[in-house]
$ cat run.cif   # mmCIF, C-alpha atoms and all ligand atoms
data_final
#
loop_
_atom_site.label_atom_id
_atom_site.label_comp_id
_atom_site.auth_asym_id
_atom_site.auth_seq_id
_atom_site.Cartn_x
_atom_site.Cartn_y
_atom_site.Cartn_z
CA MET A 143 0.00 0.00 0.00
CA THR A 144 2.96 2.28 0.57
CA LYS A 145 4.75 1.45 -2.70
CA PRO A 146 6.05 4.77 -4.10
CA ILE A 147 4.49 6.01 -7.36
CA GLY A 148 6.61 9.05 -8.16
CA GLU A 149 6.36 12.70 -7.30
CA GLY A 150 3.27 14.85 -6.99
CA ILE A 151 0.72 16.34 -4.63
CA CYS A 152 -0.77 14.52 -1.65
CA VAL A 153 -4.58 14.66 -1.77
CA HIS A 154 -4.75 15.04 2.04
CA CYS A 155 -2.12 17.59 3.05
CA LEU A 156 -1.58 19.08 -0.45
CA ARG A 157 2.20 18.99 -0.04
CA TYR A 158 4.33 18.32 -3.10
CA VAL A 159 6.43 15.26 -2.35
CA ASP A 160 9.04 13.17 -4.18
CA LYS A 161 7.41 9.87 -3.43
CA LEU A 162 3.66 9.51 -3.46
CA THR A 163 1.92 6.31 -2.43
CA TRP A 164 -1.50 4.93 -3.35
CA ASP A 165 -3.98 5.39 -0.55
CA HIS A 166 -7.25 3.46 -0.67
CA VAL A 167 -10.14 5.89 -0.33
CA PHE A 168 -12.22 3.13 1.24
CA PRO A 169 -9.66 1.14 3.22
CA VAL A 170 -8.97 -2.40 2.03
CA SER A 171 -9.76 -3.84 5.45
CA TRP A 172 -13.19 -2.20 5.36
CA TYR A 173 -14.32 -4.14 2.27
CA PRO A 174 -17.01 -6.61 3.28
CA HIS A 175 -15.63 -9.42 1.13
CA ARG A 176 -11.96 -8.82 0.70
CA THR A 177 -11.40 -12.05 -1.12
CA SER A 178 -13.92 -11.45 -3.92
CA PRO A 179 -12.15 -11.52 -7.29
CA GLY A 180 -12.14 -8.43 -9.51
CA ILE A 181 -12.99 -6.08 -6.66
CA GLU A 182 -12.93 -2.42 -7.72
CA MET A 183 -10.96 -0.12 -5.48
CA TRP A 184 -10.74 3.66 -5.31
CA LYS A 185 -7.22 4.93 -4.89
CA MET A 186 -5.71 8.37 -4.54
CA PRO A 187 -2.14 9.62 -4.29
CA ALA A 188 -0.99 10.46 -0.77
CA CYS A 189 2.31 11.18 0.93
CA HIS A 190 3.76 8.42 3.08
CA GLU A 191 3.05 10.30 6.33
CA CYS A 192 -0.65 10.88 5.58
CA ASN A 193 -1.10 7.35 4.27
CA HIS A 194 0.47 5.91 7.41
CA ALA A 195 -1.47 8.18 9.80
CA TYR A 196 -4.77 7.36 8.09
CA GLY A 197 -3.94 3.68 8.12
CA ARG A 198 -3.58 3.67 11.91
CA MET A 199 -6.66 5.79 12.49
CA GLU A 200 -8.74 3.59 10.17
CA GLU A 201 -7.60 0.40 11.82
CA ASN A 202 -8.59 1.75 15.23
CA LEU A 203 -11.92 3.03 13.99
CA LEU A 204 -12.66 -0.23 12.21
CA LEU A 205 -12.00 -2.33 15.33
CA ARG A 206 -14.39 -0.16 17.31
CA LEU A 207 -17.09 -0.03 14.64
CA ALA A 208 -16.89 -3.80 14.24
CA MET A 209 -18.12 -4.06 17.86
CA CYS A 210 -21.20 -1.98 16.97
CA VAL A 211 -22.39 -3.28 13.60
CA ASP A 212 -24.69 -6.21 12.88
CA PRO A 213 -22.60 -9.41 13.13
CA GLU A 214 -25.13 -11.31 11.00
CA ALA A 215 -25.59 -8.82 8.14
CA PRO A 216 -23.88 -9.95 4.91
CA ALA A 217 -22.01 -6.63 4.61
CA THR A 218 -20.50 -6.81 8.08
CA LYS A 219 -20.33 -10.49 8.97
CA GLU A 220 -16.74 -10.93 7.74
CA ILE A 221 -15.72 -7.52 9.13
CA VAL A 222 -16.81 -8.56 12.63
CA GLN A 223 -15.06 -11.93 12.34
CA ARG A 224 -11.84 -10.30 11.11
CA ALA A 225 -11.94 -7.72 13.91
CA LEU A 226 -12.39 -10.40 16.54
CA ARG A 227 -9.44 -12.28 15.09
CA ALA A 228 -7.36 -9.09 15.09
CA VAL A 229 -7.71 -8.85 18.88
CA ASP A 230 -7.29 -12.57 19.52
CA ALA A 231 -3.80 -13.28 20.85
CA ASP A 232 -4.23 -17.00 20.11
CA ALA A 233 -4.43 -16.18 16.39
CA GLY A 234 -1.00 -14.53 16.50
CA ARG A 235 1.72 -16.00 14.25
CA ASN A 236 4.55 -15.39 16.70
CA TYR A 237 5.21 -13.77 20.06
CA LYS A 238 5.33 -10.23 18.68
CA ASP A 239 2.09 -10.69 16.75
CA LYS A 240 0.36 -12.24 19.77
CA LEU A 241 1.44 -9.29 21.91
CA ARG A 242 0.18 -6.80 19.33
CA ARG A 243 -3.24 -8.47 19.26
CA TYR A 244 -3.34 -8.65 23.04
CA LYS A 245 -2.61 -4.91 23.32
CA LYS A 246 -5.33 -4.07 20.81
CA ARG A 247 -7.77 -6.15 22.81
CA GLU A 248 -6.81 -4.36 26.03
CA SER A 249 -7.28 -1.00 24.36
CA ILE A 250 -10.74 -2.02 23.12
CA LEU A 251 -11.74 -3.35 26.54
CA ARG A 252 -10.65 -0.13 28.24
CA ASN A 253 -13.11 1.77 26.08
CA ILE A 254 -16.11 -0.46 26.66
CA SER A 255 -18.85 0.42 29.11
CA SER A 256 -21.78 -1.77 30.08
CA GLY A 257 -25.26 -1.58 31.52
CA ASP A 258 -26.11 1.63 33.35
CA GLN A 259 -22.55 2.96 32.85
CA ILE A 260 -23.53 3.65 29.24
CA SER A 261 -24.09 7.34 28.61
CA SER A 262 -27.36 8.14 26.89
CA GLU A 263 -25.66 11.05 25.12
CA GLY A 264 -23.38 10.99 22.13
CA ILE A 265 -24.65 7.69 20.75
CA TYR A 266 -23.94 7.61 17.03
CA PRO A 267 -27.18 7.66 15.02
CA GLN A 268 -27.96 4.15 13.68
CA LEU A 269 -25.31 2.53 15.88
CA GLY A 270 -27.19 2.44 19.17
CA GLU A 271 -28.93 -0.59 20.61
CA ARG A 272 -30.95 -2.24 17.82
CA TRP A 273 -31.60 -5.64 19.29
CA GLY A 274 -34.04 -4.67 22.03
CA ARG A 275 -31.88 -6.07 24.82
CA PRO A 276 -32.42 -4.89 28.39
CA VAL A 277 -29.92 -2.25 29.55
CA ASP A 278 -27.98 -4.64 31.78
CA GLN A 279 -27.13 -6.74 28.72
CA GLN A 280 -25.97 -3.83 26.58
CA SER A 281 -22.40 -2.66 25.97
CA ALA A 282 -21.03 0.43 24.31
CA ILE A 283 -17.63 1.46 23.05
CA SER A 284 -16.30 5.00 22.95
CA VAL A 285 -14.98 6.31 19.65
CA LYS A 286 -13.38 9.71 19.12
CA ALA A 287 -15.75 11.97 17.18
CA GLU A 288 -12.67 13.24 15.39
CA SER A 289 -12.11 9.79 13.86
CA PHE A 290 -15.48 9.91 12.09
CA ALA A 291 -14.78 13.46 10.92
CA LYS A 292 -11.34 12.57 9.59
CA PHE A 293 -12.57 9.44 7.90
CA ALA A 294 -15.47 11.29 6.25
CA GLU A 295 -13.11 14.05 5.10
CA LYS A 296 -10.83 11.49 3.52
CA ILE A 297 -13.69 9.92 1.57
CA VAL A 298 -14.78 13.34 0.31
CA ARG A 299 -11.28 14.33 -0.76
CA GLY A 300 -10.94 10.99 -2.51
CA ILE A 301 -14.26 11.21 -4.36
CA VAL A 302 -13.63 14.78 -5.54
CA PHE A 303 -10.16 13.80 -6.73
CA ILE A 304 -11.19 10.59 -8.46
CA GLN A 305 -14.31 12.02 -10.10
CA ASP A 306 -13.01 15.46 -11.07
CA GLY A 307 -9.26 15.49 -10.48
CA HIS A 308 -9.66 18.37 -8.01
CA LEU A 309 -7.85 18.98 -4.74
CA ILE A 310 -9.78 20.65 -1.94
CA ASP A 311 -7.45 23.41 -0.80
CA ASP A 312 -7.44 25.90 2.09
CA ARG A 313 -10.07 28.11 0.53
CA TYR A 314 -12.61 25.47 1.46
CA GLN A 315 -13.96 24.28 4.74
CA ILE A 316 -14.91 20.64 5.20
CA VAL A 317 -17.59 20.13 7.83
CA PHE A 318 -18.69 16.73 9.14
CA ALA A 319 -22.03 15.95 10.78
CA ALA A 320 -23.78 12.91 12.18
CA LEU A 321 -27.46 13.66 11.72
CA THR A 322 -30.38 12.61 13.85
CA PRO A 323 -32.92 10.35 12.09
CA GLU A 324 -35.14 13.42 11.57
CA GLY A 325 -32.29 15.43 10.03
CA ASP A 326 -31.38 12.48 7.85
CA ARG A 327 -34.97 12.13 6.60
CA GLU A 328 -35.21 15.84 5.87
CA LEU A 329 -32.26 15.68 3.51
CA ASP A 330 -33.22 12.39 1.93
CA SER A 331 -35.27 13.84 -0.95
CA SER A 332 -32.51 16.34 -1.84
CA PHE A 333 -29.94 13.58 -2.08
CA ARG A 334 -32.36 11.35 -3.98
CA ASP A 335 -33.36 14.03 -6.49
CA HIS A 336 -30.06 15.88 -6.96
CA GLY A 337 -27.32 13.52 -5.90
CA SER A 338 -24.97 11.45 -8.02
CA ILE A 339 -24.04 8.08 -6.58
CA HIS A 340 -20.53 6.66 -6.25
CA ALA A 341 -20.64 3.21 -4.77
CA LEU A 342 -18.61 0.15 -3.97
CA GLU A 343 -21.49 -1.88 -2.65
CA PRO A 344 -22.06 -3.30 -0.12
CA GLY A 345 -19.14 -1.44 1.45
CA ILE A 346 -19.76 2.20 0.74
CA VAL A 347 -22.30 4.37 -1.06
CA VAL A 348 -21.52 8.07 -1.45
CA THR A 349 -24.23 10.39 -2.69
CA ARG A 350 -22.89 13.74 -3.81
CA ILE A 351 -24.67 16.98 -4.60
CA ALA A 352 -22.31 19.30 -6.45
CA PRO A 353 -23.15 22.61 -8.12
CA GLU A 354 -21.66 22.93 -11.61
CA SER A 355 -20.14 26.30 -10.75
CA ASP A 356 -17.59 24.87 -8.30
CA PRO A 357 -16.89 21.13 -8.26
CA CYS A 358 -15.15 21.30 -4.88
CA VAL A 359 -18.23 22.68 -3.15
CA GLY A 360 -20.97 20.25 -2.27
CA ALA A 361 -22.86 18.04 0.12
CA PHE A 362 -22.01 14.38 0.63
CA ARG A 363 -23.87 11.55 2.28
CA ILE A 364 -21.61 8.59 3.00
CA GLU A 365 -23.22 5.31 3.92
CA VAL A 366 -20.99 2.52 5.19
CA TRP A 367 -22.04 -1.16 5.00
CA GLY A 368 -25.66 -0.01 4.76
CA GLN A 369 -25.50 0.56 8.52
CA PHE A 370 -24.55 4.12 9.34
CA ARG A 371 -24.24 7.46 7.60
CA MET A 372 -21.89 10.41 7.73
CA PHE A 373 -22.68 13.81 6.24
CA VAL A 374 -20.17 16.31 4.94
CA THR A 375 -20.45 19.74 3.40
CA VAL A 376 -17.65 21.51 1.59
CA GLN A 377 -18.00 25.27 1.45
CA LEU A 378 -15.88 28.23 0.49
CA ARG A 379 -14.59 29.91 3.64
CA ALA A 380 -16.15 33.29 4.37
ZN ZN A 401 0.12 14.19 2.92
#
$ encode --input "run.cif" --output "structure tokens"
Amino acid sequence: MTKPIGEGICVHCLRYVDKLTWDHVFPVSWYPHRTSPGIEMWKMPACHECNHAYGRMEENLLLRLAMCVDPEAPATKEIVQRALRAVDADAGRNYKDKLRRYKKRESILRNISSGDQISSEGIYPQLGERWGRPVDQQSAISVKAESFAKFAEKIVRGIVFIQDGHLIDDRYQIVFAALTPEGDRELDSSFRDHGSIHALEPGIVVTRIAPESDPCVGAFRIEVWGQFRMFVTVQLRA
């Protein structure tokens, strides 16, 4: 993933670097069926530092999300199994690998709360309790809001680059939102009527509303595994 591809501009930090790498817009480990042949992947050029930093953030976010998604749904079944293996020391190939998995597991466990410890605030829309279990049987995991925002920003930068070849520079502001079900419903007809769809189903579906006057400006709805949505707007700074 970090094989150099020559010089150019990093889509994330916009620095000109000698050695760009290919960064997967939708991370490889997030694909529901990684082993499917002929899988299409979106890639964008990124500097080594950004690629590496995103890789770590995405791995952490994925492990946490895997604890919240539906373990039986076709789009997330393998994701959940892979995440559980990733924190299973017994699956380690050698001592170092076992230790790495053990540490990941500890980090996950430190961020889990159960029963009435679970805060009723800040629950990500669509990722709350969906199985009707009593509170004392529920668990929750804390995830940095910033991780969702960064991940959503990456997808938007990637889509704008891949579709139009544009870089979103400092003149623009990228704003992330997790909408309530009401807010989501309110925007649904706009996205349905005016949005163009960019999808790698069942992993990710991005619906984009872009005015013709400025292809960097727009609204994006990003749905992951058919289970949760992130919203992003890109506007010119005042
Ligand atoms: Zn960079």
$ residues_near_ligand --input "run.cif" --ligand "ligand ZN 401 (chain A)" --cutoff "8 Å" --atoms "all atoms listed in the file" --output "ChimeraX atom specification"
/A:151-157,188-193
$ atom_distance --input "run.cif" --atom1 "CA of Met183 (chain A)" --atom2 "CA of Ser332 (chain A)"
27.4 Å
$ residues_around --input "run.cif" --residues "region 355-359 of chain A" --least-positions-apart "4" --cutoff "7 Å" --atoms "all atoms listed in the file" --output "ChimeraX atom specification"
/A:302,308,310,376-377
$ atom_distance --input "run.cif" --atom1 "CA of Ile301 (chain A)" --atom2 "CA of Pro216 (chain A)"
25.0 Å
$ atom_distance --input "run.cif" --atom1 "CA of Ile181 (chain A)" --atom2 "CA of Phe168 (chain A)"
12.2 Å
$ closest_residue --input "run.cif" --among "A:Pro146, A:Gly264, A:Gly345, A:Gly307" --to "Pro169 (chain A)" --atoms "only C-alpha atoms"
A:Gly345
$ closest_residue --input "run.cif" --among "A:Ala287, A:Ile147, A:Leu207, A:Met186" --to "Gln369 (chain A)" --atoms "all atoms listed in the file"
A:Leu207
$ closest_residue --input "run.cif" --among "A:Asp232, A:Asp335, A:Glu288, A:Asp330" --to "Leu203 (chain A)" --atoms "all atoms listed in the file"
A:Glu288
$ residues_around --input "run.cif" --residues "Ala231 (chain A)" --least-positions-apart "3" --cutoff "10 Å" --atoms "only C-alpha atoms" --output "mmCIF file with C-alpha atoms, in the frame of the given file"
data_model
loop_
_atom_site.group_PDB
_atom_site.id
_atom_site.type_symbol
_atom_site.label_atom_id
_atom_site.label_comp_id
_atom_site.auth_asym_id
_atom_site.auth_seq_id
_atom_site.Cartn_x
_atom_site.Cartn_y
_atom_site.Cartn_z
ATOM 1 C CA ARG A 227 -9.440 -12.280 15.090
ATOM 2 C CA ALA A 228 -7.360 -9.090 15.090
ATOM 3 C CA GLY A 234 -1.000 -14.530 16.500
ATOM 4 C CA ARG A 235 1.720 -16.000 14.250
ATOM 5 C CA ASN A 236 4.550 -15.390 16.700
ATOM 6 C CA TYR A 237 5.210 -13.770 20.060
ATOM 7 C CA LYS A 238 5.330 -10.230 18.680
ATOM 8 C CA ASP A 239 2.090 -10.690 16.750
ATOM 9 C CA LYS A 240 0.360 -12.240 19.770
ATOM 10 C CA LEU A 241 1.440 -9.290 21.910
ATOM 11 C CA ARG A 242 0.180 -6.800 19.330
ATOM 12 C CA ARG A 243 -3.240 -8.470 19.260
ATOM 13 C CA TYR A 244 -3.340 -8.650 23.040
ATOM 14 C CA LYS A 245 -2.610 -4.910 23.320
ATOM 15 C CA LYS A 246 -5.330 -4.070 20.810
ATOM 16 C CA ARG A 247 -7.770 -6.150 22.810
#
$ closest_residue --input "run.cif" --among "A:Pro174, A:Pro353, A:Gly257, A:Gly197" --to "Glu220 (chain A)" --atoms "only C-alpha atoms"
A:Pro174
$ closest_residue --input "run.cif" --among "A:Glu365, A:Glu200, A:Glu343, A:Asp165" --to "Gly300 (chain A)" --atoms "all atoms listed in the file"
A:Asp165
$ closest_residue --input "run.cif" --among "A:Ile260, A:Ile304, A:Ala217, A:Ile254" --to "Val366 (chain A)" --atoms "all atoms listed in the file"
A:Ala217
$ residues_around --input "run.cif" --residues "Asp160 (chain A)" --least-positions-apart "5" --cutoff "7 Å" --atoms "only C-alpha atoms" --output "VMD selection string"
chain A and resid 148 to 150
$ axis_aligned_box --input "run.cif" --around "region 273-283 of chain A" --padding-each-side "8 Å" --output "JSON"
{"center_x": -25.8, "center_y": -2.6, "center_z": 25.5, "size_x": 32.4, "size_y": 24.2, "size_z": 28.5}
$ residues_around --input "run.cif" --residues "Ala319 (chain A)" --least-positions-apart "6" --cutoff "10 Å" --atoms "all atoms listed in the file" --output "ChimeraX atom specification"
/A:287,290-291,294,363,371-375
$ build_atoms --input "run.cif" --residues "region 200-212 of chain A" --atoms "N, CA, C and O atoms" --output "short mmCIF file (atom, residue, chain, number, x, y, z; two decimals), in the frame of the given file"
data_model
loop_
_atom_site.label_atom_id
_atom_site.label_comp_id
_atom_site.auth_asym_id
_atom_site.auth_seq_id
_atom_site.Cartn_x
_atom_site.Cartn_y
_atom_site.Cartn_z
N GLU A 200 -7.69 4.44 10.74
CA GLU A 200 -8.74 3.59 10.17
C GLU A 200 -8.79 2.21 10.81
O GLU A 200 -9.86 1.64 10.99
N GLU A 201 -7.64 1.71 11.17
CA GLU A 201 -7.60 0.40 11.82
C GLU A 201 -8.29 0.48 13.19
O GLU A 201 -9.11 -0.38 13.54
N ASN A 202 -7.96 1.54 13.92
CA ASN A 202 -8.59 1.75 15.23
C ASN A 202 -10.09 1.94 15.12
O ASN A 202 -10.86 1.36 15.90
N LEU A 203 -10.49 2.76 14.17
CA LEU A 203 -11.92 3.03 13.99
C LEU A 203 -12.65 1.75 13.58
O LEU A 203 -13.74 1.45 14.08
N LEU A 204 -12.03 1.00 12.68
CA LEU A 204 -12.66 -0.23 12.21
C LEU A 204 -12.88 -1.23 13.36
O LEU A 204 -13.95 -1.83 13.48
N LEU A 205 -11.86 -1.38 14.21
CA LEU A 205 -12.00 -2.33 15.33
C LEU A 205 -13.16 -1.93 16.22
O LEU A 205 -13.92 -2.78 16.70
N ARG A 206 -13.31 -0.63 16.44
CA ARG A 206 -14.39 -0.16 17.31
C ARG A 206 -15.75 -0.30 16.62
O ARG A 206 -16.73 -0.75 17.24
N LEU A 207 -15.81 0.08 15.36
CA LEU A 207 -17.09 -0.03 14.64
C LEU A 207 -17.54 -1.49 14.54
O LEU A 207 -18.74 -1.79 14.58
N ALA A 208 -16.56 -2.37 14.39
CA ALA A 208 -16.89 -3.80 14.24
C ALA A 208 -17.63 -4.32 15.48
O ALA A 208 -18.35 -5.31 15.41
N MET A 209 -17.43 -3.65 16.63
CA MET A 209 -18.12 -4.06 17.86
C MET A 209 -19.55 -3.53 17.88
O MET A 209 -20.32 -3.87 18.78
N CYS A 210 -19.88 -2.65 16.94
CA CYS A 210 -21.20 -1.98 16.97
C CYS A 210 -22.12 -2.39 15.82
O CYS A 210 -23.32 -2.14 15.87
N VAL A 211 -21.56 -2.97 14.77
CA VAL A 211 -22.39 -3.28 13.60
C VAL A 211 -23.08 -4.64 13.77
O VAL A 211 -22.80 -5.37 14.72
N ASP A 212 -23.93 -4.96 12.82
CA ASP A 212 -24.69 -6.21 12.88
C ASP A 212 -23.78 -7.39 12.50
O ASP A 212 -23.30 -7.47 11.37
#
